[in-house]
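Reproduced below: protein.pdb, with PDB, C-alpha atoms and all ligand atoms.
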MODEL        1
ATOM      1  CA  MET A   1    -147.065  19.003 295.242  1.00  0.00           C
ATOM      2  CA  GLU A   2    -143.596  17.892 296.328  1.00  0.00           C
ATOM      3  CA  GLU A   3    -143.358  14.226 297.367  1.00  0.00           C
ATOM      4  CA  ASN A   4    -142.708  14.989 301.041  1.00  0.00           C
ATOM      5  CA  GLU A   5    -145.015  17.996 301.164  1.00  0.00           C
ATOM      6  CA  GLN A   6    -147.955  17.259 303.473  1.00  0.00           C
ATOM      7  CA  LYS A   7    -151.366  18.716 302.664  1.00  0.00           C
ATOM      8  CA  GLN A   8    -152.575  20.728 305.644  1.00  0.00           C
ATOM      9  CA  TYR A   9    -156.239  20.017 306.286  1.00  0.00           C
ATOM     10  CA  HIS A  10    -158.627  22.562 307.695  1.00  0.00           C
ATOM     11  CA  PHE A  11    -161.577  21.973 309.996  1.00  0.00           C
ATOM     12  CA  HIS A  12    -163.976  23.301 307.360  1.00  0.00           C
ATOM     13  CA  GLU A  13    -163.001  20.398 305.070  1.00  0.00           C
ATOM     14  CA  MET A  14    -164.366  17.905 307.604  1.00  0.00           C
ATOM     15  CA  GLU A  15    -168.067  18.546 306.969  1.00  0.00           C
ATOM     16  CA  LEU A  16    -168.633  19.843 310.471  1.00  0.00           C
ATOM     17  CA  ASP A  17    -171.676  21.813 311.563  1.00  0.00           C
ATOM     18  CA  ASP A  18    -171.252  25.572 311.341  1.00  0.00           C
ATOM     19  CA  ARG A  19    -171.796  25.928 315.077  1.00  0.00           C
ATOM     20  CA  ILE A  20    -168.834  23.634 315.778  1.00  0.00           C
ATOM     21  CA  LEU A  21    -166.667  25.502 313.271  1.00  0.00           C
ATOM     22  CA  LYS A  22    -167.549  28.797 314.936  1.00  0.00           C
ATOM     23  CA  ALA A  23    -166.633  27.379 318.372  1.00  0.00           C
ATOM     24  CA  ILE A  24    -163.310  26.123 316.996  1.00  0.00           C
ATOM     25  CA  ALA A  25    -162.627  29.543 315.495  1.00  0.00           C
ATOM     26  CA  LYS A  26    -163.445  31.157 318.856  1.00  0.00           C
ATOM     27  CA  LEU A  27    -160.849  28.887 320.491  1.00  0.00           C
ATOM     28  CA  GLY A  28    -158.339  30.187 317.946  1.00  0.00           C
ATOM     29  CA  TRP A  29    -157.549  26.756 316.535  1.00  0.00           C
ATOM     30  CA  GLN A  30    -156.364  27.211 312.946  1.00  0.00           C
ATOM     31  CA  THR A  31    -155.926  23.618 311.814  1.00  0.00           C
ATOM     32  CA  PRO A  32    -156.552  20.146 313.275  1.00  0.00           C
ATOM     33  CA  THR A  33    -153.655  18.474 315.025  1.00  0.00           C
ATOM     34  CA  LEU A  34    -152.351  15.307 313.388  1.00  0.00           C
ATOM     35  CA  ILE A  35    -154.399  13.019 315.624  1.00  0.00           C
ATOM     36  CA  GLN A  36    -157.535  15.098 314.996  1.00  0.00           C
ATOM     37  CA  GLU A  37    -156.929  15.012 311.250  1.00  0.00           C
ATOM     38  CA  LYS A  38    -156.673  11.195 311.335  1.00  0.00           C
ATOM     39  CA  ALA A  39    -159.370  10.365 313.877  1.00  0.00           C
ATOM     40  CA  ILE A  40    -162.201  12.841 313.214  1.00  0.00           C
ATOM     41  CA  PRO A  41    -163.113  11.633 309.672  1.00  0.00           C
ATOM     42  CA  LEU A  42    -163.103   7.970 310.795  1.00  0.00           C
ATOM     43  CA  LEU A  43    -165.261   8.714 313.832  1.00  0.00           C
ATOM     44  CA  LEU A  44    -167.682  10.716 311.703  1.00  0.00           C
ATOM     45  CA  GLU A  45    -167.985   7.660 309.443  1.00  0.00           C
ATOM     46  CA  GLY A  46    -169.052   5.695 312.519  1.00  0.00           C
ATOM     47  CA  LYS A  47    -165.899   3.575 312.733  1.00  0.00           C
ATOM     48  CA  ASP A  48    -164.626   2.186 316.037  1.00  0.00           C
ATOM     49  CA  VAL A  49    -161.292   3.890 316.637  1.00  0.00           C
ATOM     50  CA  LEU A  50    -158.458   3.263 319.085  1.00  0.00           C
ATOM     51  CA  VAL A  51    -156.242   6.329 319.443  1.00  0.00           C
ATOM     52  CA  ARG A  52    -152.796   6.432 320.968  1.00  0.00           C
ATOM     53  CA  ALA A  53    -150.870   9.703 320.954  1.00  0.00           C
ATOM     54  CA  ARG A  54    -148.665  11.857 323.097  1.00  0.00           C
ATOM     55  CA  THR A  55    -150.030  13.986 325.907  1.00  0.00           C
ATOM     56  CA  GLY A  56    -151.104  17.379 324.616  1.00  0.00           C
ATOM     57  CA  SER A  57    -151.647  16.171 321.046  1.00  0.00           C
ATOM     58  CA  GLY A  58    -155.334  17.155 321.076  1.00  0.00           C
ATOM     59  CA  LYS A  59    -156.935  13.760 321.775  1.00  0.00           C
ATOM     60  CA  THR A  60    -159.826  15.243 323.762  1.00  0.00           C
ATOM     61  CA  ALA A  61    -161.067  17.359 320.868  1.00  0.00           C
ATOM     62  CA  ALA A  62    -160.354  14.438 318.493  1.00  0.00           C
ATOM     63  CA  PHE A  63    -163.243  12.553 320.095  1.00  0.00           C
ATOM     64  CA  ALA A  64    -165.275  15.534 321.373  1.00  0.00           C
ATOM     65  CA  ILE A  65    -165.770  17.118 317.928  1.00  0.00           C
ATOM     66  CA  PRO A  66    -167.251  13.958 316.312  1.00  0.00           C
ATOM     67  CA  VAL A  67    -169.375  13.262 319.403  1.00  0.00           C
ATOM     68  CA  ILE A  68    -170.950  16.738 319.117  1.00  0.00           C
ATOM     69  CA  GLN A  69    -171.387  16.440 315.353  1.00  0.00           C
ATOM     70  CA  LYS A  70    -173.069  13.026 315.686  1.00  0.00           C
ATOM     71  CA  ILE A  71    -175.451  14.336 318.348  1.00  0.00           C
ATOM     72  CA  LEU A  72    -176.413  17.293 316.155  1.00  0.00           C
ATOM     73  CA  ASN A  73    -177.073  14.828 313.301  1.00  0.00           C
ATOM     74  CA  ILE A  74    -179.200  12.538 315.477  1.00  0.00           C
ATOM     75  CA  LYS A  75    -181.170  15.509 316.792  1.00  0.00           C
ATOM     76  CA  GLN A  76    -182.354  16.416 313.304  1.00  0.00           C
ATOM     77  CA  THR A  77    -184.587  13.339 313.289  1.00  0.00           C
ATOM     78  CA  ALA A  78    -184.855  12.062 316.866  1.00  0.00           C
ATOM     79  CA  ALA A  79    -188.218  12.731 318.468  1.00  0.00           C
ATOM     80  CA  ARG A  80    -187.258  12.017 322.086  1.00  0.00           C
ATOM     81  CA  GLN A  81    -184.589  13.482 324.293  1.00  0.00           C
ATOM     82  CA  GLU A  82    -182.230  10.644 325.282  1.00  0.00           C
ATOM     83  CA  ILE A  83    -178.685  10.198 326.558  1.00  0.00           C
ATOM     84  CA  LYS A  84    -176.710   9.526 323.392  1.00  0.00           C
ATOM     85  CA  ALA A  85    -173.074   9.467 324.440  1.00  0.00           C
ATOM     86  CA  LEU A  86    -171.211   8.120 327.445  1.00  0.00           C
ATOM     87  CA  ILE A  87    -167.626   9.225 328.040  1.00  0.00           C
ATOM     88  CA  LEU A  88    -165.700   7.309 330.697  1.00  0.00           C
ATOM     89  CA  ALA A  89    -162.466   8.602 332.197  1.00  0.00           C
ATOM     90  CA  PRO A  90    -160.409   7.349 335.150  1.00  0.00           C
ATOM     91  CA  SER A  91    -160.483  10.436 337.391  1.00  0.00           C
ATOM     92  CA  LYS A  92    -162.788  13.298 338.337  1.00  0.00           C
ATOM     93  CA  GLU A  93    -160.128  15.786 337.243  1.00  0.00           C
ATOM     94  CA  LEU A  94    -160.060  14.293 333.758  1.00  0.00           C
ATOM     95  CA  CYS A  95    -163.884  14.224 333.632  1.00  0.00           C
ATOM     96  CA  HIS A  96    -163.891  17.916 334.518  1.00  0.00           C
ATOM     97  CA  GLN A  97    -161.320  18.642 331.807  1.00  0.00           C
ATOM     98  CA  ILE A  98    -163.367  16.736 329.187  1.00  0.00           C
ATOM     99  CA  CYS A  99    -166.536  18.641 330.164  1.00  0.00           C
ATOM    100  CA  SER A 100    -164.682  21.902 329.869  1.00  0.00           C
ATOM    101  CA  VAL A 101    -163.551  21.045 326.301  1.00  0.00           C
ATOM    102  CA  LEU A 102    -167.112  19.954 325.452  1.00  0.00           C
ATOM    103  CA  LYS A 103    -168.442  23.220 326.861  1.00  0.00           C
ATOM    104  CA  ASP A 104    -166.042  25.266 324.732  1.00  0.00           C
ATOM    105  CA  LEU A 105    -166.894  23.287 321.598  1.00  0.00           C
ATOM    106  CA  THR A 106    -170.669  23.550 322.176  1.00  0.00           C
ATOM    107  CA  ILE A 107    -170.645  27.251 322.963  1.00  0.00           C
ATOM    108  CA  LYS A 108    -172.751  27.914 319.817  1.00  0.00           C
ATOM    109  CA  CYS A 109    -175.109  24.957 320.355  1.00  0.00           C
ATOM    110  CA  SER A 110    -175.326  24.687 324.135  1.00  0.00           C
ATOM    111  CA  ARG A 111    -179.121  24.223 324.063  1.00  0.00           C
ATOM    112  CA  GLU A 112    -178.960  21.425 321.527  1.00  0.00           C
ATOM    113  CA  VAL A 113    -176.030  19.516 323.059  1.00  0.00           C
ATOM    114  CA  ARG A 114    -176.067  19.280 326.838  1.00  0.00           C
ATOM    115  CA  CYS A 115    -173.407  17.563 328.898  1.00  0.00           C
ATOM    116  CA  VAL A 116    -173.436  16.399 332.519  1.00  0.00           C
ATOM    117  CA  ASP A 117    -170.434  15.471 334.641  1.00  0.00           C
ATOM    118  CA  VAL A 118    -171.239  12.576 336.976  1.00  0.00           C
ATOM    119  CA  SER A 119    -167.749  12.084 338.349  1.00  0.00           C
ATOM    120  CA  PRO A 120    -167.584  11.766 342.149  1.00  0.00           C
ATOM    121  CA  GLN A 121    -167.257  15.486 342.943  1.00  0.00           C
ATOM    122  CA  VAL A 122    -170.632  15.608 344.690  1.00  0.00           C
ATOM    123  CA  ASP A 123    -173.062  13.098 346.187  1.00  0.00           C
ATOM    124  CA  LEU A 124    -174.999  10.663 343.990  1.00  0.00           C
ATOM    125  CA  SER A 125    -178.307  12.279 345.030  1.00  0.00           C
ATOM    126  CA  VAL A 126    -177.148  15.687 343.757  1.00  0.00           C
ATOM    127  CA  GLN A 127    -176.420  14.232 340.321  1.00  0.00           C
ATOM    128  CA  LYS A 128    -179.631  12.226 340.014  1.00  0.00           C
ATOM    129  CA  PRO A 129    -181.870  15.171 338.931  1.00  0.00           C
ATOM    130  CA  LEU A 130    -179.328  16.078 336.249  1.00  0.00           C
ATOM    131  CA  LEU A 131    -179.645  12.583 334.772  1.00  0.00           C
ATOM    132  CA  VAL A 132    -183.450  12.654 334.936  1.00  0.00           C
ATOM    133  CA  GLU A 133    -183.291  15.486 332.402  1.00  0.00           C
ATOM    134  CA  LYS A 134    -181.509  13.136 329.985  1.00  0.00           C
ATOM    135  CA  PRO A 135    -178.511  15.193 328.920  1.00  0.00           C
ATOM    136  CA  ASP A 136    -177.075  14.303 325.504  1.00  0.00           C
ATOM    137  CA  ILE A 137    -173.654  13.476 326.911  1.00  0.00           C
ATOM    138  CA  VAL A 138    -172.757  11.908 330.256  1.00  0.00           C
ATOM    139  CA  VAL A 139    -169.136  12.097 331.407  1.00  0.00           C
ATOM    140  CA  GLY A 140    -168.122  10.039 334.424  1.00  0.00           C
ATOM    141  CA  THR A 141    -165.715   7.703 336.094  1.00  0.00           C
ATOM    142  CA  PRO A 142    -166.578   3.997 335.621  1.00  0.00           C
ATOM    143  CA  ALA A 143    -167.312   3.460 339.335  1.00  0.00           C
ATOM    144  CA  ARG A 144    -169.656   6.444 339.712  1.00  0.00           C
ATOM    145  CA  THR A 145    -171.384   5.671 336.393  1.00  0.00           C
ATOM    146  CA  LEU A 146    -171.991   2.115 337.570  1.00  0.00           C
ATOM    147  CA  GLN A 147    -173.393   3.429 340.859  1.00  0.00           C
ATOM    148  CA  HIS A 148    -175.906   5.521 338.899  1.00  0.00           C
ATOM    149  CA  ILE A 149    -176.866   2.534 336.730  1.00  0.00           C
ATOM    150  CA  LYS A 150    -177.367   0.328 339.806  1.00  0.00           C
ATOM    151  CA  ALA A 151    -179.396   3.037 341.529  1.00  0.00           C
ATOM    152  CA  GLY A 152    -181.678   3.221 338.486  1.00  0.00           C
ATOM    153  CA  ASN A 153    -180.655   6.816 337.709  1.00  0.00           C
ATOM    154  CA  LEU A 154    -179.071   5.946 334.399  1.00  0.00           C
ATOM    155  CA  ASP A 155    -180.542   3.591 331.801  1.00  0.00           C
ATOM    156  CA  LEU A 156    -178.356   3.266 328.733  1.00  0.00           C
ATOM    157  CA  LYS A 157    -179.877   0.098 327.287  1.00  0.00           C
ATOM    158  CA  ARG A 158    -181.913   1.498 324.439  1.00  0.00           C
ATOM    159  CA  CYS A 159    -180.552   4.885 323.584  1.00  0.00           C
ATOM    160  CA  LEU A 160    -176.746   4.918 323.785  1.00  0.00           C
ATOM    161  CA  GLU A 161    -175.145   5.604 320.402  1.00  0.00           C
ATOM    162  CA  ILE A 162    -171.584   6.555 321.326  1.00  0.00           C
ATOM    163  CA  LEU A 163    -169.120   5.214 323.891  1.00  0.00           C
ATOM    164  CA  VAL A 164    -165.752   6.879 324.511  1.00  0.00           C
ATOM    165  CA  ILE A 165    -163.211   5.499 326.955  1.00  0.00           C
ATOM    166  CA  ASP A 166    -160.512   8.072 327.642  1.00  0.00           C
ATOM    167  CA  GLU A 167    -157.210   6.812 329.042  1.00  0.00           C
ATOM    168  CA  ALA A 168    -158.495   3.287 328.438  1.00  0.00           C
ATOM    169  CA  ASP A 169    -155.188   1.847 329.669  1.00  0.00           C
ATOM    170  CA  LEU A 170    -156.068   3.189 333.124  1.00  0.00           C
ATOM    171  CA  VAL A 171    -159.809   2.453 332.956  1.00  0.00           C
ATOM    172  CA  PHE A 172    -159.405  -1.250 332.201  1.00  0.00           C
ATOM    173  CA  PRO A 173    -157.781  -3.468 334.833  1.00  0.00           C
ATOM    174  CA  SER A 174    -154.342  -4.745 333.795  1.00  0.00           C
ATOM    175  CA  ASP A 175    -155.495  -8.405 333.687  1.00  0.00           C
ATOM    176  CA  MET A 176    -158.160  -7.448 331.118  1.00  0.00           C
ATOM    177  CA  ARG A 177    -155.568  -5.618 329.017  1.00  0.00           C
ATOM    178  CA  LYS A 178    -153.453  -8.800 328.741  1.00  0.00           C
ATOM    179  CA  SER A 179    -156.259 -10.943 327.331  1.00  0.00           C
TER     180      SER A 179
HETATM  181  N1  LIG B 201    -156.444  21.902 316.655  1.00  0.00           N
HETATM  182  C1  LIG B 201    -155.901  22.543 317.672  1.00  0.00           C
HETATM  183  N2  LIG B 201    -155.200  23.671 317.482  1.00  0.00           N
HETATM  184  C2  LIG B 201    -154.628  24.333 318.520  1.00  0.00           C
HETATM  185  N3  LIG B 201    -154.703  23.926 319.806  1.00  0.00           N
HETATM  186  C3  LIG B 201    -155.383  22.795 320.056  1.00  0.00           C
HETATM  187  C4  LIG B 201    -156.021  22.044 319.028  1.00  0.00           C
HETATM  188  N4  LIG B 201    -156.642  20.968 319.585  1.00  0.00           N
HETATM  189  C5  LIG B 201    -156.396  21.024 320.904  1.00  0.00           C
HETATM  190  N5  LIG B 201    -155.641  22.125 321.192  1.00  0.00           N
HETATM  191  C6  LIG B 201    -155.136  22.536 322.510  1.00  0.00           C
HETATM  192  O1  LIG B 201    -154.034  21.664 322.808  1.00  0.00           O
HETATM  193  C7  LIG B 201    -153.955  21.428 324.212  1.00  0.00           C
HETATM  194  C8  LIG B 201    -153.890  19.914 324.465  1.00  0.00           C
HETATM  195  O2  LIG B 201    -155.085  19.312 324.075  1.00  0.00           O
HETATM  196  P1  LIG B 201    -155.688  18.036 324.861  1.00  0.00           P
HETATM  197  O3  LIG B 201    -155.701  18.303 326.326  1.00  0.00           O
HETATM  198  O4  LIG B 201    -156.952  17.682 324.190  1.00  0.00           O
HETATM  199  O5  LIG B 201    -154.586  16.951 324.527  1.00  0.00           O
HETATM  200  P2  LIG B 201    -154.623  15.455 324.961  1.00  0.00           P
HETATM  201  O6  LIG B 201    -153.888  14.738 323.908  1.00  0.00           O
HETATM  202  O7  LIG B 201    -156.016  15.029 325.252  1.00  0.00           O
HETATM  203  O8  LIG B 201    -153.786  15.511 326.295  1.00  0.00           O
HETATM  204  P3  LIG B 201    -153.817  14.467 327.517  1.00  0.00           P
HETATM  205  O9  LIG B 201    -153.185  13.204 327.032  1.00  0.00           O
HETATM  206  O10 LIG B 201    -153.024  15.187 328.562  1.00  0.00           O
HETATM  207  O11 LIG B 201    -155.281  14.298 327.926  1.00  0.00           O
HETATM  208  C9  LIG B 201    -155.173  22.091 324.840  1.00  0.00           C
HETATM  209  O12 LIG B 201    -154.760  23.317 325.384  1.00  0.00           O
HETATM  210  C10 LIG B 201    -156.107  22.340 323.667  1.00  0.00           C
HETATM  211  O13 LIG B 201    -156.895  23.489 323.859  1.00  0.00           O
ENDMDL
END
Would you give me this structure, written as structure tokens?
Amino acid sequence: MEENEQKQYHFHEMELDDRILKAIAKLGWQTPTLIQEKAIPLLLEGKDVLVRARTGSGKTAAFAIPVIQKILNIKQTAARQEIKALILAPSKELCHQICSVLKDLTIKCSREVRCVDVSPQVDLSVQKPLLVEKPDIVVGTPARTLQHIKAGNLDLKRCLEILVIDEADLVFPSDMRKS
């Protein structure tokens, strides 16, 4: 290989579940974007990762693919249905967008990996029954998620395995970012 020739990775080299690979193929994605190529293997190893990349570089799938893979792994041995992943994002529009990507990527395993959007699109009471069913993934804004925790609708103490904070620069207050 030439010195400056970059090896182009493929999704099937990432040890992903067949159902995820089929969903990716259905989306027409040929190869991972650069950020996906870097982040997915580290996240699958269980590393804590901070990602910074341009808008439109494929960050959502960079965390969504490993989240789905990890849930499928956990489900092979877990006896009880629990909420395993929490994804926080600063706006209801972004929460909706994340859920839509998760839906596309779980099209072949939608029974095994269920996702609920608890962003403030509807009243708290409407979302409560969805949380009682213990979806695998909860996506929400920090404020609405906290409301559910305080109301006793969401208990993440024992079962949470994965935390994603999308647009963390907007989620955390600026005084926290300085320290
Ligand atoms: N591997 C891929 N191959 C082709 N298209 C992809 C791939 N991954 C993501 N995309 C597409 O690229 C577009 C941008 O992806 P995405 O919204 O995840 O980027 P982002 O970095 O999260 O953007 P933002 O910062 O605006 O949230 C979407 O239309 C998505 O479907």
Open item on the list: So, with only C-alpha atoms and all ligand atoms as the atoms that count, which of A:Leu105, A:Ala79, A:Ile137, A:Leu50 lies closest to ligand LIG 201 (chain B)?
Closed with: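 Result for the nearest residue to ligand LIG 201 (chain B): A:Leu105.
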- [ ] Excluding segment 21-30 of chain A and any residue of its chain fewer than 4 positions from it, enumerate the residues within 8 Å of it, using all atoms listed in the file, and give them as a PyMOL selection string.
- [x] chain A and resi 10-12+16-17+104-108
TODO: Would you mind reading off the distance between atom CA of Ala64 of chain A and atom N4 of ligand LIG 201 (chain B), one decimal, in Å?
DONE: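 Rounded to one decimal, the two atoms are 10.4 Å apart.
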Open item on the list: Applying the PyMOL selection byres (((not hetatm)) within 7 of (chain B and resi 201)) to the file I just gave you, which residues come out? Please list them as a list in words.
Closed with: Gly28, Trp29, Gln30, Thr31, Pro32, Thr33, Ala53, Arg54, Thr55, Gly56, Ser57, Gly58, Lys59, Thr60 and Ala61 of chain A
TODO: Would you translate the PyMOL selection byres (((chain A and resi 129) around 12) and not hetatm) into the concrete set of residues it matches in this file, as a PyMOL selection string?
DONE: chain A and resi 116+118+123-128+130-135+148+152-154
Could you put an axis-aligned box around every listed atom of segment 57-72 of chain A, padded by 6 Å on each side, and send me its centre and edge lengths in Å to one decimal, as lines of an AutoDock Vina configuration file?
center_x = -164.0
center_y = 15.0
center_z = 319.6
size_x = 36.8
size_y = 16.8
size_z = 20.4
- [ ] List the residues selected by the PyMOL selection byres (((chain A and resi 140) around 8) and not hetatm) in the file shown, writing them as a PyMOL selection string.
- [x] chain A and resi 86-89+92+95+117-120+138-139+141-142+144-145
Open item on the list: What does the structure give for the distance between atom CA of Pro90 of chain A and atom CA of Val171 of chain A, in Å to one decimal?
Closed with: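 Atom CA of Val171 of chain A lies at a distance of 5.4 Å from atom CA of Pro90 of chain A.
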TODO: To one decimal in Å, tell me the separation between atom CA of Gln147 of chain A and atom CA of Ser91 of chain A.
DONE: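 A separation of 15.1 Å between them.
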TODO: Could you please give me, as a ChimeraX atom specification, the residues of protein, DNA or RNA lying at most 12 Å from (-183.4, 11.0, 323.8) in the coordinate frame of the file, considering all atoms listed in the file?
DONE: /A:71,74-85,112-114,131-137,155-161
TODO: Dump as a PyMOL selection string all residues having an atom at most 10 Å from (-165.7, 10.1, 313.9), computed in the file's coordinates with all atoms listed in the file.
DONE: chain A and resi 36+38-49+62-70
